[in-house]
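Since the structure comes first, as structure tokens, the remarks are kept for the end.
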Amino acid sequence: MLRAVLRSDIVLLLGLLLLAAAAAAILAQPACTSLDARELEYFRTRRLWQCAFDALSAACGVGLLTSDLRADYTDVGRWVLLGAGFLGALLYVTSFARALARSQQQAGRSLASNPLMLALLFCVLQALALGGLVTVDYVRFRTVDVDAVLLRGVSAFASLGWSDAFESRANTVAVAVVAGLGALGCLPWMMLIPGLRRHINARTTLISVASYALFLAALAGLICAAETPRGGAYAGSAPVLASKTTPARYGRALVQSVSASGAGIATEPLTDRGVSETTKVALAGALLVGGLPVSAAGGISWVFTIAALVGVATALGLRRRRGRGGGGRWYTAGLACLLLYGMLIVATATGLLLLETWTASRFQPAHTFADALLDAASAVCGGNLTSGLTESITNESLSSGIRLGENRYIWAMVWMMLAMICGRVLAVSVLCRLACGDRRQGD
């Protein structure tokens with residue numbers, strides 16, 4: 001009974017809920033909000049729901065907010081959200097590592113299973129990333145905006161989805177670099193530490209890093225091709241990516257693919273048809289894959305992606321079966337994880353479209369399924385890539401009043417909060433099931 005309670009996925013679920021509840025209680029205090037007294041009085045119920053939504057979004061590493069991070073929150077409120085996001089990332093990394101270590105041990109492999117050591121390594125890597133951003137800002141401006149650097153660095157490395165990437169191209173590239181480092185997770189850096197090097201398979205880790213880099217490069221190529229100008233060129237105004245030359249377009253697409261997969265950060269305008277439908281689906285795929293194991297990036301992680309691909313290849317006869325070792329269970333787990341996340345994203349997207357149809361006005365333009373897929377993948381896999389659908393179904397105009405007899409935004413918030421918590425715990429739960437299955441076979 002105690003072993004079941006202490007399972008990594010149960011600990012992660014309870015920890016995220018408690019962290020979100022504590023953050024929401026603090027955010028509800030007047031010191032955390034920039035809203036005036038009148039807004040707090042007339043929209044008190046909405047404000048409480050916003051605090052709960054934003055707190056859970058931060059704790060789950062999603063980044064979708066119902067309030068403007070800079071305009072609606074004070075410095076205290078932003079620090080609360082940033083702290084909740086970083087603690088949530090630490091909890092996710094240690095829970096994933098603990099579940100992965102147990103499943104690896106049952107399969108006869110070796111992995112560092114000390115969560116405290118991995119948490120310390122994660123904090124050290126976060127500090128190094130912040131130090132790099134401070135150095136870059138000082139070289140560029142001879143001064144450092146500490147608040148901006150902390151928000152940018154922690155959001156990118158801990159996969160919180162918040163960024164000031166649109167403010168300058170240099171910030172965009174810096175965010176992508178930090179997001180890429182965060183997506184690598186802790187395992188590659190363990191090879192540099194003598195005491196931890198023996199706990200990992202260096203060859204497998206290097207292959208994982210190389211294949212993940214190839215995936216991001218291929219994804220950038222797909223986005224670049226999808227944003228090719230129709231007819232060869234645009235006349236007058238054009239979307240940002242489509243107006244660039246092919247090399248510049250590929251460079252921006254690579255920055256966006258790395259930022260999306262590693263940190264769920266948008267570096268290109270995704271609303272108002274800023275990108276094509278194909279690009280939105282590709283970015284949803286980047287969120288689904290996430291980063292390497294033992295990183296704060298959500299999704300199924302690269303380890304399950306590879307396992308699912310190998311499982312499909314084996315099932316189709318493209319790869320020879322190699323006995324009945326633990327590998328077969330890994331391939332099955334990868335396929336199950338991919339299928340479960342896919343179903344959860346599609347179900348969430350369908351619900352968002354139904355809610356949008358119910359709440360939208362007669363003259364409001366309808367969102368496409370690609371729009372809903374992008375927002376759903378962000379909620380499930382942890383990202384702040386939104387087509388504007390989330391904002392439209394949680395808008396203040398959906399509060400009860402003369403036209404509406406109820407607060408319709410509540411249904412959308414509840415639906416997305418369920419998607420957030422399920423998506424954050426699901427991969428860890430699959431790992432726990434894998435370890436339990438191997439333990440039963442060993443018995």
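Residues are referred to by chain and number: the chain letter is A, B, ... according to the order shown in the structure tokens, the number counts from 1 in that chain, and ligands are numbered separately from 1 in the order shown.
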Item to complete: Just the alpha helix (DSSP H) stuff from region 276-358 of chain A, please, per backbone DSSP, written as a VMD selection string.
Response: chain A and resid 277 to 289 301 to 315 326 to 358
Any chance you could tabulate, as JSON lines, the residues of region 247-317 of chain A at most 10 Å from region 112-133 of chain A with each one's nearest atom pair and distance in Å to one decimal, using only C-alpha atoms, in chain and rising number order?
{"residue": "A:Val294", "atom": "CA", "partner": "A:Leu118", "partner_atom": "CA", "distance": 8.6}
{"residue": "A:Ser295", "atom": "CA", "partner": "A:Phe122", "partner_atom": "CA", "distance": 8.5}
{"residue": "A:Ala296", "atom": "CA", "partner": "A:Phe122", "partner_atom": "CA", "distance": 9.3}
Using the selection just defined, write its residues with N, CA and C atoms as a JSON list (two decimals), in the first residue's frame.
[["chain", "number", "residue", "atom", "x", "y", "z"],
["A", 294, "VAL", "N", 14.67, 13.34, -18.59],
["A", 294, "VAL", "CA", 15.14, 14.08, -17.42],
["A", 294, "VAL", "C", 15.38, 15.55, -17.77],
["A", 295, "SER", "N", 14.46, 16.12, -18.53],
["A", 295, "SER", "CA", 14.43, 17.56, -18.76],
["A", 295, "SER", "C", 13.06, 18.06, -18.35],
["A", 296, "ALA", "N", 12.92, 19.39, -18.25],
["A", 296, "ALA", "CA", 11.64, 19.96, -17.83],
["A", 296, "ALA", "C", 10.64, 20.01, -18.97]]
Discussion item. As a ChimeraX atom specification, please: the residues near Gly251 (chain A) (cut-off 10 Å, only C-alpha atoms, same-chain neighbours under 4 positions excluded).
Written reply: /A:173,217,220-221,224,241,245-247,255-257
Please report as a Markdown table every residue of region 323-387 of chain A lying within 6 Å of region 414-423 of chain A, along with the nearest atom pair and their distance in Å (one decimal), using only C-alpha atoms.
| residue | atom | partner | partner_atom | distance |
| --- | --- | --- | --- | --- |
| A:Ala379 | CA | A:Met420 | CA | 5.0 |
| A:Val380 | CA | A:Gly423 | CA | 4.4 |
| A:Cys381 | CA | A:Gly423 | CA | 5.8 |
Practice prompt. Please measure the separation of CA of Ala333 (chain A) and CA of Leu434 (chain A), giving the value in Å to one decimal.
Written response: 6.9 Å
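Residues within 10 Å of region 143-147 of chain A, counting only C-alpha atoms and excluding same-chain residues fewer than 5 positions away, are Asp75, Arg78, Trp79, Leu130, Leu133, Val134, Thr135, Val136, Asp137, Tyr138, Arg152 and Gly153 of chain A.
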Discussion item. As an exercise, work out the distance from CA of Val303 (chain A) to CA of Arg252 (chain A) in Å and give it to one decimal place.
Written reply: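 It comes out at 26.5 Å.
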Test item: residues at most 7 Å from Leu355 (chain A), only C-alpha atoms, excluding those fewer than 4 positions along its chain, as an mmCIF file with N, CA and C atoms, in the first residue's frame:
data_model
loop_
_atom_site.group_PDB
_atom_site.id
_atom_site.type_symbol
_atom_site.label_atom_id
_atom_site.label_comp_id
_atom_site.auth_asym_id
_atom_site.auth_seq_id
_atom_site.Cartn_x
_atom_site.Cartn_y
_atom_site.Cartn_z
ATOM 1 N N GLY A 351 -12.807 19.408 -27.674
ATOM 2 C CA GLY A 351 -13.526 20.129 -26.631
ATOM 3 C C GLY A 351 -13.364 21.631 -26.748
ATOM 4 N N THR A 359 -19.454 29.576 -27.063
ATOM 5 C CA THR A 359 -19.244 30.892 -26.456
ATOM 6 C C THR A 359 -19.066 32.018 -27.469
ATOM 7 N N ILE A 393 -11.842 31.814 -25.479
ATOM 8 C CA ILE A 393 -12.820 31.043 -24.702
ATOM 9 C C ILE A 393 -12.666 31.252 -23.197
ATOM 10 N N ALA A 412 -14.263 26.368 -19.949
ATOM 11 C CA ALA A 412 -13.015 26.285 -20.713
ATOM 12 C C ALA A 412 -11.813 26.155 -19.785
#
Worksheet item: By how many Å are CA of Gly262 (chain A) and CA of Val62 (chain A) apart?
Response: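 Going from CA of Gly262 (chain A) over to CA of Val62 (chain A), I get 11.9 Å.
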Worksheet item: Neighbours of Trp358 (chain A) within 12 Å (only C-alpha atoms; same-chain residues fewer than 2 positions away dropped), as a list of chain:residue names?
Response: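 So the residues in contact are A:Gly351, A:Leu352, A:Leu353, A:Leu354, A:Leu355, A:Glu356, A:Ala360, A:Ser361, A:Arg362, A:Gln364, A:Ala366, A:Ser392, A:Ile393, A:Leu398, A:Leu404, A:Arg408, A:Tyr409, A:Trp411, A:Ala412.
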Within 10 Å of Asn407 (chain A) using only C-alpha atoms, minus same-chain residues under 4 positions, as a short mmCIF file (atom, residue, chain, number, x, y, z; two decimals) with C-alpha atoms, in the first residue's frame:
data_model
loop_
_atom_site.label_atom_id
_atom_site.label_comp_id
_atom_site.auth_asym_id
_atom_site.auth_seq_id
_atom_site.Cartn_x
_atom_site.Cartn_y
_atom_site.Cartn_z
CA THR A 45 -15.01 35.20 -8.93
CA ARG A 46 -13.23 35.49 -12.25
CA THR A 394 -11.54 32.40 -21.36
CA GLU A 396 -13.60 38.51 -19.63
CA SER A 397 -16.56 39.11 -21.94
CA LEU A 398 -17.81 35.61 -21.06
CA SER A 399 -18.56 36.68 -17.48
CA SER A 400 -22.17 36.61 -16.34
CA GLY A 401 -24.07 39.79 -17.07
CA TRP A 411 -15.96 25.51 -18.46
#
Worksheet item: Which of these residues is nearest to Leu12 (chain A), using only C-alpha atoms: A:Leu27, A:Leu87, A:Leu216, A:Ala71?
Response: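 Counting only C-alpha atoms, the residue closest to Leu12 (chain A) is A:Leu87.
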Closest atom pairs, region 379-436 of chain A residues within 10 Å of region 271-285 of chain A, only C-alpha atoms, as a Markdown table:
| residue | atom | partner | partner_atom | distance |
| --- | --- | --- | --- | --- |
| A:Cys381 | CA | A:Ala284 | CA | 8.9 |
| A:Gly383 | CA | A:Ala284 | CA | 9.4 |
| A:Leu385 | CA | A:Leu283 | CA | 8.1 |
| A:Thr386 | CA | A:Thr271 | CA | 7.2 |
| A:Ser387 | CA | A:Thr271 | CA | 4.6 |
| A:Gly388 | CA | A:Thr271 | CA | 5.7 |
| A:Leu389 | CA | A:Thr271 | CA | 8.8 |
Would you output that residue set with N, CA and C atoms, as a compact mmCIF listing (two decimals), in the first residue's frame?
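Saved file part06.txt follows:
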# COMPACT_ATOMS: atom_id res chain seq x y z
N CYS A 381 1.01 19.11 -23.41
CA CYS A 381 2.46 18.83 -23.44
C CYS A 381 3.30 19.94 -22.85
N GLY A 383 3.30 24.08 -23.09
CA GLY A 383 3.82 25.09 -23.99
C GLY A 383 2.91 26.31 -24.01
N LEU A 385 2.34 28.04 -26.89
CA LEU A 385 2.08 28.28 -28.31
C LEU A 385 0.57 28.31 -28.51
N THR A 386 0.03 29.45 -28.76
CA THR A 386 -1.41 29.58 -28.87
C THR A 386 -1.80 30.35 -30.11
N SER A 387 -2.86 29.92 -30.72
CA SER A 387 -3.40 30.58 -31.90
C SER A 387 -4.38 31.69 -31.53
N GLY A 388 -4.59 31.88 -30.24
CA GLY A 388 -5.57 32.85 -29.76
C GLY A 388 -6.86 32.21 -29.31
N LEU A 389 -6.99 30.90 -29.50
CA LEU A 389 -8.22 30.20 -29.12
C LEU A 389 -8.41 30.20 -27.61
